[in-house]
$ cat start-v3.txt   # compact mmCIF, C-alpha atoms
# COMPACT_ATOMS: atom_id res chain seq x y z
CA MET G 22 133.31 25.13 -99.31
CA PRO G 23 130.67 26.54 -101.67
CA PRO G 24 128.10 28.74 -100.04
CA THR G 25 124.74 27.03 -99.53
CA GLN G 26 121.43 28.11 -98.08
CA SER G 27 122.07 26.30 -94.81
CA ARG G 28 125.64 27.44 -94.27
CA PRO G 29 125.68 29.85 -91.36
CA LEU G 30 126.81 33.34 -92.23
CA THR G 31 130.31 34.26 -91.16
CA GLN G 32 131.20 37.17 -88.95
CA GLN G 33 133.01 38.62 -91.95
CA GLU G 34 129.80 38.65 -93.99
CA ILE G 35 127.80 40.19 -91.15
CA SER G 36 130.54 42.76 -90.51
CA ARG G 37 130.44 43.71 -94.21
CA GLU G 38 126.67 44.22 -93.98
CA ILE G 39 127.10 46.29 -90.81
CA ALA G 40 129.63 48.52 -92.62
CA GLU G 41 127.31 48.89 -95.62
CA GLN G 42 124.42 49.92 -93.38
CA ALA G 43 126.62 52.42 -91.56
CA ARG G 44 127.74 53.92 -94.86
CA ALA G 45 124.20 54.10 -96.22
CA HIS G 46 122.99 55.89 -93.10
CA ALA G 47 125.91 58.32 -93.15
CA ASP G 48 125.25 59.08 -96.83
CA SER G 49 121.55 59.64 -96.20
CA GLY G 50 122.39 62.48 -93.83
CA VAL G 51 119.45 61.46 -91.62
CA VAL G 52 120.53 61.14 -88.00
CA SER G 53 118.33 58.79 -86.03
CA SER G 54 118.71 57.90 -82.38
CA HIS G 55 116.76 54.68 -82.71
CA PRO G 56 117.63 51.67 -84.82
CA ASP G 57 115.71 51.00 -88.02
CA ARG G 58 113.38 48.10 -87.37
CA ASP G 59 114.51 46.81 -90.76
CA TYR G 60 118.15 45.99 -90.03
CA ALA G 61 119.21 42.92 -91.99
CA PRO G 62 122.49 42.16 -90.14
CA TYR G 63 120.23 41.24 -87.20
CA ARG G 64 118.57 38.34 -89.00
CA SER G 65 115.61 38.00 -86.64
CA SER G 66 114.45 41.46 -87.73
CA LEU G 67 113.80 40.33 -91.33
CA LEU G 68 110.26 39.03 -90.84
CA ARG G 69 109.44 41.07 -87.76
CA HIS G 70 109.45 44.66 -88.99
CA PRO G 71 106.54 46.43 -90.68
CA LYS G 72 107.03 47.42 -94.32
CA GLN G 73 104.44 50.19 -94.18
CA PRO G 74 105.51 53.49 -92.65
CA LEU G 75 104.22 54.19 -89.15
CA VAL G 76 101.13 56.37 -89.03
CA VAL G 77 101.98 59.62 -87.28
CA LEU G 78 99.36 60.52 -84.74
CA ASP G 79 99.21 64.08 -83.47
CA ASP G 80 96.27 63.90 -81.08
CA PRO G 81 96.46 65.88 -77.84
CA GLU G 82 93.66 63.69 -76.46
CA ALA G 83 95.41 60.39 -77.22
CA ALA G 84 95.20 57.87 -74.39
CA GLU G 85 98.90 57.16 -74.91
CA LEU G 86 99.78 60.60 -73.51
CA SER G 87 99.03 59.25 -70.07
CA GLY G 88 100.53 56.07 -68.73
CA PRO G 89 100.60 53.47 -66.00
CA VAL G 90 101.56 54.45 -62.48
CA PHE G 91 103.69 52.33 -60.17
CA GLY G 92 104.26 52.68 -56.45
CA VAL G 93 105.64 51.15 -53.31
CA THR G 94 103.32 48.16 -53.61
CA ASP G 95 105.03 47.17 -56.86
CA VAL G 96 108.60 46.77 -55.60
CA THR G 97 110.19 45.30 -52.50
CA ASP G 98 113.25 46.57 -50.67
CA LEU G 99 115.46 43.77 -51.99
CA ASP G 100 114.60 44.21 -55.65
CA HIS G 101 117.32 46.73 -56.44
CA ASP G 102 120.07 44.45 -55.09
CA LEU G 103 120.48 41.42 -57.35
CA THR G 104 123.26 40.06 -55.14
CA ARG G 105 120.94 39.60 -52.14
CA GLN G 106 118.05 37.61 -53.56
CA HIS G 107 119.37 34.18 -52.58
CA LEU G 108 121.00 32.46 -49.62
CA ALA G 109 124.55 33.29 -50.69
CA GLU G 110 126.35 35.80 -52.87
CA PRO G 111 126.44 35.24 -56.63
CA LEU G 112 129.75 34.69 -58.40
CA GLY G 113 131.16 37.57 -60.40
CA GLU G 114 132.38 41.11 -60.24
CA ARG G 115 130.09 43.13 -57.93
CA ILE G 116 129.02 46.41 -59.51
CA THR G 117 126.61 49.24 -58.89
CA VAL G 118 124.81 50.85 -61.81
CA THR G 119 123.24 54.21 -61.15
CA GLY G 120 121.95 57.14 -63.14
CA ARG G 121 118.95 59.33 -63.82
CA VAL G 122 115.89 58.89 -65.99
CA LEU G 123 115.00 62.10 -67.85
CA ASP G 124 112.54 63.21 -70.50
CA ARG G 125 113.43 64.98 -73.73
CA ALA G 126 113.32 68.34 -71.95
CA GLY G 127 115.90 67.10 -69.45
CA ARG G 128 113.39 66.94 -66.60
CA PRO G 129 113.61 64.05 -64.15
CA VAL G 130 111.12 61.22 -64.45
CA ALA G 131 110.27 60.68 -60.78
CA GLY G 132 108.58 57.72 -59.09
CA GLN G 133 108.53 55.52 -62.17
CA LEU G 134 109.38 51.87 -62.57
CA VAL G 135 112.78 50.68 -63.81
CA GLU G 136 113.13 46.96 -64.50
CA ILE G 137 116.37 45.17 -65.40
CA TRP G 138 117.35 41.63 -66.36
CA GLN G 139 120.67 40.14 -67.33
CA ALA G 140 122.83 37.05 -67.77
CA ASN G 141 125.01 35.84 -64.91
CA ALA G 142 128.79 36.31 -64.71
CA SER G 143 129.30 33.31 -67.01
CA GLY G 144 127.00 34.69 -69.68
CA ARG G 145 124.02 32.43 -68.94
CA TYR G 146 120.40 33.50 -68.45
CA ALA G 147 118.17 31.76 -65.93
CA HIS G 148 115.91 30.87 -68.86
CA GLN G 149 115.05 27.40 -70.12
CA ARG G 150 115.68 28.37 -73.73
CA ASP G 151 119.21 29.59 -73.05
CA GLN G 152 121.26 26.53 -74.00
CA HIS G 153 124.70 28.16 -73.76
CA PRO G 154 126.80 25.54 -71.90
CA ALA G 155 127.93 27.95 -69.22
CA PRO G 156 127.05 27.33 -65.58
CA LEU G 157 123.90 28.64 -63.98
CA ASP G 158 124.47 30.35 -60.65
CA PRO G 159 122.06 29.17 -57.93
CA ASN G 160 122.60 32.49 -56.18
CA PHE G 161 121.72 34.71 -59.11
CA SER G 162 118.39 35.20 -60.86
CA GLY G 163 119.32 38.34 -62.74
CA VAL G 164 116.11 40.33 -62.23
CA GLY G 165 115.85 43.74 -60.57
CA ARG G 166 113.34 46.55 -60.11
CA CYS G 167 113.23 49.94 -58.50
CA LEU G 168 111.30 53.17 -58.54
CA THR G 169 113.09 56.35 -59.57
CA GLY G 170 113.62 58.95 -56.88
CA GLY G 171 112.50 62.56 -56.94
CA ASP G 172 115.43 63.54 -59.13
CA GLY G 173 114.85 60.63 -61.53
CA GLU G 174 117.69 58.64 -59.98
CA TYR G 175 117.84 54.86 -59.90
CA SER G 176 120.45 52.47 -58.53
CA PHE G 177 121.10 48.73 -58.76
CA THR G 178 123.68 46.50 -57.16
CA THR G 179 124.42 43.46 -59.28
CA ILE G 180 127.29 41.53 -60.84
CA LYS G 181 128.82 42.26 -64.22
CA PRO G 182 127.15 39.98 -66.79
CA GLY G 183 129.29 37.84 -69.08
CA ALA G 184 129.35 37.92 -72.87
CA TYR G 185 127.50 35.04 -74.49
CA PRO G 186 127.15 33.35 -77.87
CA TRP G 187 124.01 33.48 -80.00
CA ARG G 188 122.97 32.09 -83.34
CA ASN G 189 122.66 35.12 -85.58
CA HIS G 190 125.75 33.94 -87.46
CA GLU G 191 128.76 31.75 -86.89
CA ASN G 192 130.82 32.74 -83.84
CA ALA G 193 128.35 35.48 -82.90
CA TRP G 194 128.85 36.88 -79.39
CA ARG G 195 126.80 39.51 -77.60
CA PRO G 196 128.83 42.11 -75.70
CA ALA G 197 128.05 42.14 -71.97
CA HIS G 198 124.83 44.07 -71.38
CA ILE G 199 122.01 44.68 -68.94
CA HIS G 200 118.45 44.88 -70.30
CA PHE G 201 116.46 47.91 -69.09
CA SER G 202 112.70 48.53 -69.22
CA LEU G 203 111.49 52.07 -68.48
CA PHE G 204 108.25 53.96 -68.09
CA GLY G 205 107.71 57.70 -68.38
CA THR G 206 104.65 59.71 -67.47
CA ALA G 207 103.12 58.73 -70.82
CA PHE G 208 102.75 55.31 -72.45
CA SER G 209 104.24 56.94 -75.57
CA GLN G 210 107.55 57.31 -73.69
CA ARG G 211 107.91 53.58 -73.12
CA LEU G 212 111.46 52.31 -73.64
CA VAL G 213 113.14 48.91 -73.60
CA THR G 214 116.86 49.00 -74.24
CA GLN G 215 120.24 47.56 -73.26
CA MET G 216 123.12 49.09 -71.34
CA TYR G 217 126.66 48.17 -72.37
CA PHE G 218 130.02 48.39 -70.57
CA PRO G 219 132.79 50.73 -71.74
CA GLY G 220 135.61 49.38 -73.87
CA ASP G 221 133.99 46.03 -74.72
CA PRO G 222 135.95 44.50 -77.63
CA LEU G 223 132.76 42.89 -79.00
CA PHE G 224 131.00 46.17 -79.88
CA ALA G 225 132.10 46.23 -83.52
CA TYR G 226 130.93 42.66 -84.16
CA ASP G 227 127.44 42.95 -82.67
CA PRO G 228 124.59 43.70 -85.09
CA ILE G 229 122.18 44.56 -82.26
CA LEU G 230 124.35 47.39 -80.90
CA GLN G 231 125.41 48.41 -84.43
CA SER G 232 121.76 48.68 -85.46
CA VAL G 233 122.07 52.12 -83.88
CA THR G 234 123.98 53.54 -86.82
CA ASP G 235 124.67 57.03 -85.44
CA ASN G 236 127.94 57.00 -83.49
CA ALA G 237 126.81 59.51 -80.86
CA ALA G 238 123.53 57.68 -80.32
CA ARG G 239 125.33 54.35 -79.97
CA GLU G 240 127.63 55.84 -77.35
CA ARG G 241 124.55 56.77 -75.33
CA LEU G 242 124.01 53.04 -74.78
CA VAL G 243 127.39 52.65 -73.08
CA ALA G 244 127.71 53.32 -69.35
CA ALA G 245 130.68 55.27 -67.98
CA TYR G 246 132.97 53.77 -65.39
CA ASP G 247 132.84 56.22 -62.46
CA HIS G 248 135.52 55.76 -59.82
CA GLU G 249 133.57 58.01 -57.44
CA LEU G 250 130.82 55.38 -57.45
CA SER G 251 133.18 52.51 -56.73
CA ARG G 252 133.29 51.45 -53.10
CA SER G 253 136.57 50.49 -51.48
CA GLU G 254 137.00 46.74 -51.19
CA TRP G 255 133.41 46.20 -52.27
CA SER G 256 132.21 47.13 -55.78
CA LEU G 257 132.89 48.96 -59.05
CA GLY G 258 130.61 51.81 -60.09
CA TYR G 259 129.04 52.61 -63.45
CA ARG G 260 126.92 55.62 -64.35
CA TRP G 261 124.26 55.54 -67.05
CA ASP G 262 121.65 58.23 -67.64
CA ILE G 263 118.59 57.42 -69.70
CA VAL G 264 116.52 59.85 -71.77
CA LEU G 265 113.00 58.76 -72.73
CA ASP G 266 111.81 59.69 -76.19
CA GLY G 267 108.28 60.54 -77.19
CA PRO G 268 105.80 63.14 -76.05
CA GLY G 269 105.08 63.06 -72.35
CA ALA G 270 101.86 64.05 -70.68
CA THR G 271 103.18 67.57 -70.20
CA LEU G 272 105.96 67.66 -72.77
CA THR G 273 104.75 69.66 -75.73
CA GLU G 274 106.55 72.14 -77.93
CA ASP G 275 104.81 75.00 -76.10
CA ARG G 276 105.83 73.64 -72.76
CA LEU G 277 109.42 73.24 -73.96
CA GLY G 278 109.38 76.92 -74.92
CA THR G 279 107.88 77.90 -71.58
CA GLU G 280 110.48 75.94 -69.67
CA ALA G 281 113.23 77.60 -71.67
CA ALA G 282 111.88 81.06 -70.92
CA ARG G 283 112.13 80.55 -67.16
CA MET R 22 112.34 83.46 -76.80
CA THR R 23 115.03 80.81 -76.66
CA ARG R 24 113.80 77.29 -77.11
CA SER R 25 115.39 74.70 -74.89
CA VAL R 26 117.24 72.09 -76.89
CA PRO R 27 115.68 68.72 -76.22
CA VAL R 28 118.03 66.18 -74.72
CA GLU R 29 118.94 63.42 -77.15
CA PRO R 30 117.06 60.20 -76.43
CA THR R 31 118.52 56.86 -75.40
CA PRO R 32 118.19 54.46 -78.36
CA SER R 33 115.86 51.49 -78.20
CA GLN R 34 117.19 47.93 -78.29
CA THR R 35 115.32 44.66 -78.70
CA VAL R 36 113.71 43.01 -75.68
CA GLY R 37 115.48 39.83 -76.85
CA PRO R 38 114.37 36.25 -76.23
CA PHE R 39 115.08 35.99 -72.50
CA TYR R 40 112.79 38.55 -70.83
CA GLY R 41 110.43 35.79 -69.73
CA TYR R 42 111.66 35.46 -66.16
CA ALA R 43 111.80 39.22 -65.66
CA LEU R 44 108.90 41.09 -67.25
CA PRO R 45 105.72 38.98 -67.21
CA PHE R 46 103.99 38.96 -63.83
CA ALA R 47 101.18 37.03 -62.18
CA GLY R 48 97.83 38.43 -63.22
CA GLY R 49 99.44 40.58 -65.91
CA GLY R 50 96.50 39.96 -68.23
CA GLN R 51 93.83 40.31 -65.52
CA VAL R 52 93.40 44.06 -65.80
CA ALA R 53 89.71 44.19 -64.92
CA PRO R 54 88.98 44.11 -61.20
CA ALA R 55 87.54 40.83 -59.96
CA ASP R 56 83.86 40.16 -60.60
CA CYS R 57 83.32 43.14 -62.90
CA PRO R 58 80.23 42.11 -64.85
CA ASP R 59 81.11 44.30 -67.83
CA ALA R 60 84.72 43.04 -68.21
CA ILE R 61 85.76 42.09 -71.71
CA THR R 62 88.29 39.65 -73.14
CA LEU R 63 90.70 40.91 -75.80
CA HIS R 64 92.75 38.20 -77.44
CA GLY R 65 94.61 37.45 -80.63
CA ILE R 66 97.65 36.02 -82.35
CA VAL R 67 100.88 37.84 -83.22
CA ARG R 68 102.26 36.79 -86.62
CA ASP R 69 105.42 37.57 -88.55
CA GLY R 70 105.92 38.34 -92.24
CA ALA R 71 105.77 34.64 -93.15
CA GLY R 72 102.43 34.26 -91.39
CA GLN R 73 104.04 32.29 -88.57
CA PRO R 74 102.98 32.88 -84.96
CA VAL R 75 105.48 34.84 -82.87
CA PRO R 76 105.98 32.81 -79.68
CA ASP R 77 108.25 35.30 -77.94
CA ALA R 78 106.42 38.60 -78.19
CA LEU R 79 105.42 40.67 -75.18
CA ILE R 80 102.20 42.67 -75.37
CA GLU R 81 101.45 45.57 -73.06
CA THR R 82 98.04 47.19 -72.91
CA TRP R 83 97.11 50.59 -71.59
CA GLN R 84 93.82 52.36 -70.89
CA PRO R 85 93.49 55.51 -68.79
CA ALA R 86 91.39 55.39 -65.65
CA PRO R 87 87.73 56.30 -66.19
CA ALA R 88 86.58 59.92 -65.94
CA GLY R 89 90.01 61.49 -66.10
CA ALA R 90 91.11 60.23 -62.69
CA SER R 91 94.75 59.24 -62.54
CA ALA R 92 95.31 55.51 -62.55
CA PRO R 93 96.29 53.94 -59.23
CA SER R 94 99.47 51.91 -58.88
CA GLY R 95 99.41 48.24 -57.98
CA SER R 96 99.63 46.43 -61.33
CA MET R 97 102.58 44.42 -60.00
CA ARG R 98 101.82 44.22 -56.28
CA ARG R 99 104.44 42.26 -54.43
CA ASP R 100 104.44 40.25 -51.24
CA PRO R 101 107.01 41.90 -48.95
CA VAL R 102 107.50 38.58 -47.12
CA THR R 103 108.34 36.33 -50.06
CA GLY R 104 108.98 38.90 -52.78
CA ARG R 105 106.52 37.07 -55.04
CA HIS R 106 103.84 38.75 -57.12
CA LEU R 107 100.54 39.07 -55.30
CA GLY R 108 98.38 40.03 -58.24
CA ARG R 109 96.26 43.18 -58.24
CA ASN R 110 94.21 44.18 -55.24
CA GLY R 111 90.97 43.13 -56.93
CA VAL R 112 89.33 46.55 -56.58
CA ASP R 113 91.34 49.21 -58.41
CA PHE R 114 91.67 49.51 -62.17
CA THR R 115 95.32 50.28 -62.95
CA GLY R 116 94.78 50.30 -66.71
CA PHE R 117 98.02 48.43 -67.42
CA GLY R 118 98.32 44.88 -68.72
CA ARG R 119 101.32 42.83 -69.74
CA VAL R 120 101.31 39.34 -71.24
CA ALA R 121 103.81 37.23 -73.15
CA THR R 122 102.56 35.33 -76.19
CA ASP R 123 102.39 31.57 -75.82
CA ALA R 124 103.93 28.96 -78.15
CA ASP R 125 101.01 29.56 -80.54
CA GLY R 126 101.70 33.31 -80.61
CA ARG R 127 98.51 33.96 -78.65
CA PHE R 128 97.90 36.68 -76.08
CA CYS R 129 94.85 37.37 -73.95
CA VAL R 130 93.86 40.13 -71.55
CA ARG R 131 90.68 40.59 -69.55
CA THR R 132 89.97 44.25 -69.06
CA LEU R 133 87.27 46.89 -68.82
CA PRO R 134 85.68 48.28 -71.96
CA PRO R 135 87.26 51.61 -72.95
CA PRO R 136 85.06 54.73 -72.85
CA ALA R 137 82.91 55.63 -75.84
CA ALA R 138 84.96 58.79 -76.47
CA LYS R 139 88.16 56.75 -76.84
CA PRO R 140 86.90 53.31 -77.79
CA TYR R 141 90.31 51.67 -78.03
CA VAL R 142 92.83 49.73 -75.97
CA SER R 143 96.41 50.92 -76.62
CA LEU R 144 98.94 48.19 -77.26
CA CYS R 145 102.71 48.13 -77.30
CA VAL R 146 104.45 45.18 -78.96
CA PHE R 147 107.93 43.96 -78.04
CA ALA R 148 109.68 40.90 -79.49
CA ARG R 149 112.97 39.27 -80.23
CA GLY R 150 113.92 40.59 -83.67
CA LEU R 151 112.07 43.85 -83.09
CA LEU R 152 114.68 46.52 -82.43
CA HIS R 153 112.17 49.17 -81.44
CA HIS R 154 108.74 48.46 -79.97
CA LEU R 155 105.55 49.11 -81.97
CA PHE R 156 102.40 50.90 -80.82
CA THR R 157 98.97 50.09 -82.13
CA ARG R 158 95.35 50.32 -81.00
CA ALA R 159 92.56 47.77 -80.78
CA TYR R 160 89.31 49.63 -81.50
CA LEU R 161 86.27 47.96 -79.98
CA ALA R 162 83.98 50.33 -81.84
CA ALA R 163 84.43 52.53 -84.88
CA PRO R 164 82.43 55.72 -84.38
CA GLU R 165 81.72 57.83 -87.46
CA GLY R 166 84.53 60.30 -88.09
CA GLU R 167 87.00 58.83 -85.58
CA PRO R 168 90.08 60.81 -86.68
CA LEU R 169 92.65 58.02 -86.92
CA LEU R 170 90.34 55.47 -88.55
CA ALA R 171 88.95 58.10 -90.92
CA ALA R 172 92.44 59.07 -92.09
CA LEU R 173 93.29 55.54 -93.24
CA GLU R 174 92.35 53.51 -96.31
CA PRO R 175 89.57 51.06 -95.38
CA GLU R 176 91.77 47.98 -95.70
CA ARG R 177 94.34 49.60 -93.42
CA SER R 178 91.90 50.88 -90.81
CA ALA R 179 90.34 47.40 -90.73
CA THR R 180 93.54 46.14 -89.09
CA LEU R 181 92.77 48.30 -86.06
CA LEU R 182 89.26 46.95 -85.50
CA ALA R 183 88.81 44.22 -82.93
CA ARG R 184 86.22 41.72 -84.12
CA GLN R 185 83.51 40.77 -81.66
CA GLU R 186 83.34 36.97 -81.52
CA ARG R 187 80.59 36.77 -78.93
CA ALA R 188 79.29 38.91 -76.08
CA GLY R 189 82.30 40.40 -74.32
CA VAL R 190 84.96 38.59 -76.37
CA PHE R 191 87.00 40.49 -78.96
CA ARG R 192 89.60 39.15 -81.37
CA PHE R 193 92.55 41.36 -82.34
CA ASP R 194 95.37 39.80 -84.35
CA ILE R 195 98.65 41.63 -84.81
CA THR R 196 100.55 41.12 -88.07
CA LEU R 197 104.06 42.53 -87.94
CA GLN R 198 104.66 42.44 -91.69
CA GLY R 199 103.13 41.73 -95.07
CA GLU R 200 99.56 41.27 -96.20
CA LYS R 201 97.13 42.51 -93.54
CA GLU R 202 100.05 44.22 -91.82
CA THR R 203 98.72 45.98 -88.72
CA VAL R 204 98.78 49.77 -88.68
CA PHE R 205 101.45 50.88 -86.21
CA LEU R 206 101.54 54.36 -84.72
CA ASP R 207 104.18 57.02 -84.19
CA PHE R 208 103.70 59.48 -81.33
CA GLN R 209 107.14 61.02 -81.72
CA SER R 210 106.21 64.22 -83.48
$ encode --input "start-v3.txt" --output "structure tokens"
Amino acid sequence: MPPTQSRPLTQQEISREIAEQARAHADSGVVSSHPDRDYAPYRSSLLRHPKQPLVVLDDPEAAELSGPVFGVTDVTDLDHDLTRQHLAEPLGERITVTGRVLDRAGRPVAGQLVEIWQANASGRYAHQRDQHPAPLDPNFSGVGRCLTGGDGEYSFTTIKPGAYPWRNHENAWRPAHIHFSLFGTAFSQRLVTQMYFPGDPLFAYDPILQSVTDNAARERLVAAYDHELSRSEWSLGYRWDIVLDGPGATLTEDRLGTEAAR
Amino acid sequence: MTRSVPVEPTPSQTVGPFYGYALPFAGGGQVAPADCPDAITLHGIVRDGAGQPVPDALIETWQPAPAGASAPSGSMRRDPVTGRHLGRNGVDFTGFGRVATDADGRFCVRTLPPPAAKPYVSLCVFARGLLHHLFTRAYLAAPEGEPLLAALEPERSATLLARQERAGVFRFDITLQGEKETVFLDFQS
């Protein structure tokens, strides 16, 4: 069949683009933790990334060096357990996901909001626009929240989400993932990301994960299975620590030096 | 003196198309406390590089509390009985807003005017297709010598100026790409 404008791209074509991007980044010698906003294998990025470079702002008085505060009024006791938000238990493999939220200096981010959302065990979101013909689960919404503890720790009980198809290209499948939204002490530390599960065979095919071209950085998106966190005859445990980028309210070069001197 | 080595950051990933049942919350755009006579409306349309509205963007706004006080919590107050969102308490100014764009790519927040010394509302843009969020600022006034505005070419700085449509109503469109592309900011360094 001759290629036409409307023919969906094949996985082979997308995989070739992913490999080209990886090579180009390796050749450039620039190691970046974050994905380029301009990452063509993820087709939706084409018209949604700025072409002008970002304007670097080095202003110690910037409003973005402070940030919103959340507290006990903003979460309820059930929010961290996604298996207990309905009358019965959801279907799927019960898991706990726990870890710490840190800043670039390795200090815990305490008392801040962590929000998660995910597909159900069949790979279906409780969202009207998700048309994947997999069953919805009346006992699973897939939304969780918690505040970090004094040591930056967070914990969720949920079920392992399923992989699901999407329309980036033909036979495109997202590896199982949980979406995370995080706040630091400064608005400039804001992070939205996705946590993946170790050993997923879909990693190599997924342009969203592969948009993080540095191998070590990409591995930081993958949780570790931790048998110590698994509970006998109850749930499997995963550990995932999160490090927020960007200058915090008290994170400056001077402060980094001061901390190191202690 | 030994410098501590910063810990390597967790990479960003797109918010995707399906955040709608998780992140937006009741009263997310009602940042100003109830019945504040000086509250302002900040609204606009998010567009992509083809000039099309972006119907699945999420806009967050941030303004520090007045007079250097730390902002109170309570942006997302919840009802402990039903678990539903209660809205804000109607008195405190938390400084944080969050709204999803509608099918026309439009967003709208009602908030307090920022102080004269920092006459801007900070915005963070998330969207399907956007692998890493974007920061920008909506300036409600452009004082002489404002460092960021002064450092930009006039046609670029113009993208950061909210246009007053009528008393208390400001228009701020966000263009992700192309002609009139909004200036986006990097706080990383």
$ interface_residues --input "start-v3.txt" --of "chain R" --to "chain G" --cutoff "6 Å" --atoms "only C-alpha atoms" --output "list in words"
Arg24, Ser25, Pro27, Val28, Pro30, Thr31, Pro32, Ser33, Gln34, Ala43, Asp69, Gly70, Ser94, Gly95, Met97, Arg98, Arg99, Pro101, Phe117, Gly150, Leu151, Leu152, Leu197, Gln198, Phe205, Leu206, Asp207, Phe208 and Gln209 of chain R
$ atom_distance --input "start-v3.txt" --atom1 "CA of Asp102 (chain G)" --atom2 "CA of Val135 (chain G)"
13.0 Å
$ residues_near_point --input "start-v3.txt" --point "(101.4, 28.7, -83.6)" --cutoff "9 Å" --atoms "all atoms listed in the file" --output "list in words"
Ile66, Arg68, Gln73, Pro74, Val75, Pro76, Asp123, Ala124, Asp125, Gly126 and Arg127 of chain R
$ residues_around --input "start-v3.txt" --residues "Phe147 (chain R)" --least-positions-apart "4" --cutoff "9 Å" --atoms "only C-alpha atoms" --output "ChimeraX atom specification"
/G:213 /R:35-37,77-81,151-155
$ atom_distance --input "start-v3.txt" --atom1 "CA of Leu203 (chain G)" --atom2 "CA of Val52 (chain R)"
20.0 Å
$ closest_residue --input "start-v3.txt" --among "G:Val52, G:Ile180, G:Pro129, G:Ala61" --to "Leu112 (chain G)" --atoms "only C-alpha atoms"
G:Ile180
$ decode --input "start-v3.txt" --residues "region 92-104 of chain R" --atoms "N, CA, C and O atoms" --output "compact mmCIF listing (two decimals), in the first residue's frame"
# COMPACT_ATOMS: atom_id res chain seq x y z
N ALA R 92 0.67 32.16 52.41
CA ALA R 92 -0.70 31.88 51.97
C ALA R 92 -1.30 30.77 52.82
O ALA R 92 -0.62 29.81 53.17
N PRO R 93 -2.58 30.91 53.18
CA PRO R 93 -3.23 29.82 53.91
C PRO R 93 -3.57 28.66 52.99
O PRO R 93 -3.63 28.84 51.77
N SER R 94 -3.78 27.49 53.55
CA SER R 94 -4.24 26.35 52.76
C SER R 94 -5.75 26.50 52.55
O SER R 94 -6.36 27.47 52.98
N GLY R 95 -6.34 25.52 51.90
CA GLY R 95 -7.79 25.55 51.75
C GLY R 95 -8.27 25.81 50.34
O GLY R 95 -9.45 26.08 50.13
N SER R 96 -7.35 25.73 49.34
CA SER R 96 -7.80 25.89 47.95
C SER R 96 -8.77 24.78 47.57
O SER R 96 -9.69 24.99 46.79
N MET R 97 -8.52 23.57 48.09
CA MET R 97 -9.29 22.39 47.68
C MET R 97 -10.07 21.80 48.84
O MET R 97 -10.13 20.58 48.98
N ARG R 98 -10.64 22.64 49.69
CA ARG R 98 -11.31 22.12 50.90
C ARG R 98 -12.28 21.00 50.57
O ARG R 98 -13.02 21.06 49.60
N ARG R 99 -12.28 20.00 51.42
CA ARG R 99 -13.08 18.81 51.15
C ARG R 99 -14.08 18.59 52.28
O ARG R 99 -13.80 18.93 53.44
N ASP R 100 -15.19 18.00 51.92
CA ASP R 100 -16.20 17.64 52.90
C ASP R 100 -15.84 16.26 53.47
O ASP R 100 -15.85 15.27 52.73
N PRO R 101 -15.50 16.19 54.76
CA PRO R 101 -15.09 14.89 55.31
C PRO R 101 -16.23 13.87 55.34
O PRO R 101 -15.98 12.67 55.47
N VAL R 102 -17.46 14.32 55.19
CA VAL R 102 -18.60 13.38 55.19
C VAL R 102 -18.75 12.70 53.83
O VAL R 102 -18.80 11.48 53.73
N THR R 103 -18.76 13.51 52.77
CA THR R 103 -19.00 12.95 51.43
C THR R 103 -17.71 12.82 50.62
O THR R 103 -17.70 12.12 49.61
N GLY R 104 -16.66 13.49 51.03
CA GLY R 104 -15.43 13.49 50.26
C GLY R 104 -15.45 14.49 49.11
O GLY R 104 -14.46 14.67 48.42
